[in-house]
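What follows is run29.txt (compact mmCIF, C-alpha atoms).
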# COMPACT_ATOMS: atom_id res chain seq x y z
CA MET A 1 55.00 81.76 87.35
CA MET A 2 58.29 83.07 86.02
CA THR A 3 60.06 81.68 82.98
CA GLY A 4 63.75 81.38 82.20
CA ASP A 5 63.62 84.64 80.23
CA PRO A 6 64.68 87.47 82.57
CA GLY A 7 62.81 89.94 80.35
CA ALA A 8 59.52 88.06 80.54
CA ARG A 9 56.58 89.84 82.10
CA PRO A 10 55.58 88.18 85.42
CA ILE A 11 52.11 86.70 85.09
CA ALA A 12 50.27 84.68 87.72
CA ARG A 13 46.60 85.07 86.73
CA ILE A 14 45.08 84.94 83.26
CA CYS A 15 41.59 86.25 82.53
CA LEU A 16 39.86 84.39 79.71
CA PHE A 17 37.19 85.93 77.51
CA CYS A 18 35.29 83.40 75.37
CA GLY A 19 31.87 82.18 74.36
CA ALA A 20 29.00 80.90 76.49
CA ASN A 21 28.37 78.57 73.54
CA VAL A 22 30.79 75.97 72.20
CA GLY A 23 30.25 77.01 68.59
CA ALA A 24 30.05 75.03 65.38
CA ARG A 25 33.71 74.04 65.07
CA SER A 26 35.43 71.47 67.26
CA ALA A 27 38.60 73.59 67.12
CA TYR A 28 37.01 76.15 69.45
CA ALA A 29 36.35 73.72 72.32
CA HIS A 30 39.73 72.10 71.74
CA ALA A 31 41.40 75.50 72.08
CA ALA A 32 39.54 76.25 75.31
CA ARG A 33 40.46 72.89 76.84
CA THR A 34 44.06 73.26 75.73
CA LEU A 35 44.34 76.69 77.30
CA GLY A 36 42.89 75.47 80.59
CA ALA A 37 45.36 72.58 80.67
CA ILE A 38 48.30 74.87 79.86
CA LEU A 39 47.42 77.27 82.67
CA ALA A 40 47.19 74.41 85.18
CA ARG A 41 50.48 72.96 84.01
CA GLU A 42 52.19 76.36 84.25
CA GLY A 43 50.84 76.95 87.75
CA LEU A 44 48.78 79.96 86.66
CA SER A 45 45.28 80.77 87.89
CA LEU A 46 42.36 81.08 85.47
CA VAL A 47 39.95 83.97 85.95
CA TYR A 48 36.77 83.87 83.87
CA GLY A 49 33.06 84.64 83.85
CA GLY A 50 32.14 81.79 86.17
CA GLY A 51 29.83 79.95 83.78
CA SER A 52 29.13 76.24 83.47
CA VAL A 53 28.31 76.50 79.78
CA GLY A 54 30.10 76.90 76.47
CA LEU A 55 33.79 77.47 75.91
CA MET A 56 34.01 79.02 79.38
CA ASN A 57 33.10 75.68 80.94
CA GLU A 58 35.50 73.76 78.69
CA ALA A 59 38.44 75.88 79.82
CA ALA A 60 37.47 75.81 83.49
CA GLU A 61 36.96 72.04 83.54
CA ALA A 62 40.33 71.45 81.88
CA ALA A 63 42.11 73.74 84.33
CA LEU A 64 40.47 72.07 87.33
CA ALA A 65 41.23 68.60 85.96
CA GLY A 66 44.88 69.60 85.74
CA GLY A 67 44.95 70.71 89.37
CA GLY A 68 44.78 74.40 88.55
CA ARG A 69 43.07 77.22 90.43
CA VAL A 70 39.99 78.76 88.82
CA ALA A 71 38.21 81.93 89.93
CA GLY A 72 34.80 82.79 88.54
CA VAL A 73 33.10 86.18 88.51
CA ILE A 74 29.38 86.11 87.78
CA THR A 75 26.31 88.28 88.32
CA GLU A 76 23.48 87.43 90.69
CA GLU A 77 21.11 87.20 87.73
CA LEU A 78 23.23 84.63 85.93
CA MET A 79 23.65 82.63 89.13
CA ALA A 80 19.87 82.61 89.49
CA ARG A 81 19.62 81.10 86.02
CA GLU A 82 21.79 78.22 87.28
CA VAL A 83 24.59 78.79 84.81
CA GLY A 84 27.23 79.34 87.51
CA HIS A 85 29.93 76.67 87.85
CA ALA A 86 29.54 74.79 91.15
CA SER A 87 33.10 73.47 91.60
CA LEU A 88 35.47 76.40 91.21
CA THR A 89 38.32 77.28 93.54
CA GLU A 90 36.55 80.56 94.24
CA MET A 91 33.40 82.27 92.99
CA HIS A 92 32.67 85.98 93.20
CA VAL A 93 29.00 86.97 92.79
CA VAL A 94 28.42 90.62 91.90
CA THR A 95 25.40 92.76 91.13
CA THR A 96 26.06 94.20 87.66
CA MET A 97 27.95 93.37 84.50
CA HIS A 98 30.03 96.50 85.04
CA GLU A 99 31.16 95.18 88.41
CA ARG A 100 31.84 91.81 86.85
CA LYS A 101 34.21 93.20 84.23
CA ALA A 102 35.95 95.48 86.70
CA LEU A 103 36.59 92.65 89.16
CA MET A 104 37.79 90.27 86.45
CA ALA A 105 40.20 92.96 85.28
CA SER A 106 41.50 93.64 88.78
CA LEU A 107 42.08 89.94 89.47
CA ALA A 108 44.07 89.35 86.28
CA ASP A 109 47.60 90.10 85.11
CA ALA A 110 46.77 89.48 81.43
CA PHE A 111 43.82 88.72 79.17
CA ILE A 112 43.33 86.05 76.50
CA ALA A 113 40.38 85.98 74.11
CA LEU A 114 39.02 82.93 72.30
CA PRO A 115 36.00 82.85 69.95
CA GLY A 116 32.76 84.18 71.37
CA GLY A 117 29.85 86.55 70.83
CA PHE A 118 28.89 90.05 71.96
CA GLY A 119 30.19 89.58 75.49
CA THR A 120 33.60 88.41 74.31
CA PHE A 121 34.01 91.34 71.91
CA ASP A 122 32.80 93.76 74.57
CA GLU A 123 35.28 92.52 77.17
CA LEU A 124 38.14 92.34 74.67
CA CYS A 125 37.58 95.88 73.41
CA GLU A 126 37.12 97.32 76.90
CA MET A 127 40.43 95.93 78.13
CA LEU A 128 42.16 97.30 75.03
CA THR A 129 40.53 100.68 75.65
CA TRP A 130 41.83 100.64 79.21
CA ASP A 131 45.33 99.97 77.88
CA GLN A 132 44.91 102.78 75.37
CA LEU A 133 43.81 105.27 78.03
CA GLY A 134 46.35 104.14 80.62
CA VAL A 135 43.73 102.78 83.04
CA HIS A 136 45.96 99.71 83.24
CA ASP A 137 48.90 98.28 81.34
CA LYS A 138 48.08 94.61 80.92
CA PRO A 139 48.59 92.33 77.92
CA VAL A 140 45.62 91.43 75.73
CA VAL A 141 46.14 88.41 73.48
CA LEU A 142 43.67 87.23 70.86
CA VAL A 143 43.86 83.60 69.71
CA ASN A 144 42.55 83.61 66.15
CA VAL A 145 41.30 80.02 66.13
CA ASP A 146 40.46 78.89 62.58
CA GLY A 147 40.47 82.52 61.46
CA PHE A 148 37.47 83.34 63.66
CA PHE A 149 38.62 86.93 64.23
CA ASP A 150 39.74 87.66 60.66
CA GLY A 151 36.90 90.12 60.03
CA PHE A 152 37.47 91.89 63.34
CA LEU A 153 41.17 92.32 62.59
CA LEU A 154 40.35 93.71 59.15
CA GLN A 155 38.06 96.24 60.82
CA LEU A 156 40.88 97.34 63.12
CA ASP A 157 43.13 97.78 60.09
CA ARG A 158 40.42 99.88 58.44
CA ALA A 159 40.26 102.02 61.59
CA VAL A 160 44.01 102.62 61.33
CA GLU A 161 43.76 103.37 57.61
CA ASP A 162 41.00 105.91 58.23
CA ARG A 163 42.88 107.50 61.15
CA MET A 164 40.37 106.46 63.79
CA LEU A 165 42.97 104.31 65.56
CA LYS A 166 46.67 104.96 65.84
CA PRO A 167 49.06 102.21 64.67
CA GLU A 168 50.71 102.20 68.10
CA ASN A 169 47.36 101.53 69.74
CA ARG A 170 46.47 98.88 67.15
CA ALA A 171 49.72 97.13 68.06
CA MET A 172 48.61 96.80 71.69
CA LEU A 173 46.57 93.76 70.67
CA SER A 174 48.74 90.67 70.35
CA VAL A 175 47.39 88.13 67.86
CA VAL A 176 48.41 84.47 67.69
CA ALA A 177 47.01 81.55 65.72
CA GLU A 178 47.68 78.81 68.27
CA VAL A 179 46.74 78.58 71.93
CA GLY A 180 50.25 77.46 72.82
CA ASP A 181 51.59 80.83 71.66
CA ALA A 182 49.27 82.92 73.83
CA LEU A 183 51.25 82.87 77.09
CA PRO A 184 54.61 83.65 75.44
CA ALA A 185 52.92 86.56 73.64
CA ALA A 186 51.51 87.87 76.93
CA ARG A 187 54.91 87.64 78.59
CA ARG A 188 56.57 89.52 75.72
CA TRP A 189 53.98 92.30 75.69
CA ARG A 190 55.03 95.82 76.57
CA PRO A 191 52.78 98.90 76.98
CA PRO A 192 52.82 101.41 74.12
CA GLY A 193 54.19 104.25 76.24
CA SER A 194 52.90 107.82 76.19
CA VAL A 195 51.06 107.68 72.88
CA SER A 196 48.04 109.96 72.64
CA LYS A 197 44.96 108.31 71.18
CA TRP A 198 43.96 111.58 69.50
CA TYR A 199 44.94 112.85 66.06
CA ARG A 200 45.46 116.61 66.02
CA GLU A 201 44.47 117.73 62.54
CA PRO A 202 41.79 119.72 60.72
CA VAL A 203 38.41 118.10 60.07
CA PRO A 204 38.31 116.80 56.45
CA ARG A 205 35.93 118.73 54.21
CA PRO A 206 34.18 117.36 51.11
The structure given in the file should be rewritten as structure tokens.
Amino acid sequence: MMTGDPGARPIARICLFCGANVGARSAYAHAARTLGAILAREGLSLVYGGGSVGLMNEAAEAALAGGGRVAGVITEELMAREVGHASLTEMHVVTTMHERKALMASLADAFIALPGGFGTFDELCEMLTWDQLGVHDKPVVLVNVDGFFDGFLLQLDRAVEDRMLKPENRAMLSVVAEVGDALPAARRWRPPGSVSKWYREPVPRP
């Protein structure tokens, strides 16, 4: 759905990365439900991991309740464990987690991350890596609900400080504090251009 801003990036499908648990803070589930409702209201499709548990389920249920379209991508193993959502607009069942991530990425125009565990961090970092290497040029927006990602962001800053990550590549990750700011951030996002990820310098010696 386009906005009134002629410079806004066209986005029709948002891929959400978030937890298979709801977490200890009510703000996390509230953020997931709010995002699902916003996507439905904006006429955007939600793409996610297809689960019926955790924050994933909260977002999907809210999007469906608002009349939105929701596409799930899940592995055969997870479907066999009966964690797949039964009422989505479409469900894609794949063999491996690698296929799952690749299909989610291909279906989406942008990515939004909410609090989660290993899977969320894995998906978030892989999509940023793909931006860094030019595999795709799609926005990645992190919603730092209640400061959940503060430690992660400090680690990225340390990577820049220690010349493991270039500032231009660090800036590829858009960070917002509120769910309502995530879509505008995705629409404003622009790729970093032809920035090499490699530093060309001598190896430091003790």
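Of the listed residues (A:Met127, A:Val135, A:Ala182, A:Ala177), A:Ala182 comes nearest to Gly36 of chain A; the distances count all atoms listed in the file.
Residues within 12 Å of Ala24 of chain A, counting all atoms listed in the file and excluding same-chain residues fewer than 5 positions away, are A:Gly19, A:Ala29, A:His30, A:Gly54, A:Leu55, A:Pro115, A:Gly116, A:Asp146, A:Phe148.
In this structure, atom CA of Asp109 of chain A sits 7.6 Å away from atom CA of Pro139 of chain A.
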Which is closer to Gly72 of chain A than all the others in A:Ala20, A:Leu128, A:Met97, A:Leu103, using only C-alpha atoms? A:Leu103
Report as a PyMOL selection string all protein, DNA and RNA residues lying within 9 Å of Ala185 of chain A, evaluated on all atoms listed in the file, omitting residues in the same chain fewer than 4 positions from it. chain A and resi 139+141+174-176+181+189
Could you name the residues that touch segment 63-71 of chain A at 12 Å or less, counting all atoms listed in the file, but leaving out those on the same chain fewer than 3 positions away, as a PyMOL selection string? chain A and resi 12-16+32-51+56-60+74+84-93+103-104+107-108
Pairwise distance for atom CA of Glu168 of chain A and atom CA of Ala113 of chain A, rounded to one decimal in Å: 20.1 Å
Point out the residue among A:Ile112, A:Phe149, A:Leu156, A:Phe17 with the least atom-to-atom distance to Arg187 of chain A, counting only C-alpha atoms. A:Ile112
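For the pair atom CA of Gly23 of chain A and atom CA of Gly147 of chain A, the interatomic distance is 13.6 Å.
Residue nearest Arg190 of chain A, chosen from A:Leu133, A:Val73, A:Leu142, A:Ala110 and counting all atoms listed in the file: A:Ala110.
Residues lying at most 9 Å from (22.9, 82.7, 78.2) in file coordinates, with only C-alpha atoms considered, are Ala20, Asn21, Val53, Leu78, Arg81 and Val83 of chain A.
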Quick one: write out the picked residues with C-alpha atoms as a compact mmCIF listing (two decimals), in the frame of the given file?
# COMPACT_ATOMS: atom_id res chain seq x y z
CA ALA A 20 29.00 80.90 76.49
CA ASN A 21 28.37 78.57 73.54
CA VAL A 53 28.31 76.50 79.78
CA LEU A 78 23.23 84.63 85.93
CA ARG A 81 19.62 81.10 86.02
CA VAL A 83 24.59 78.79 84.81
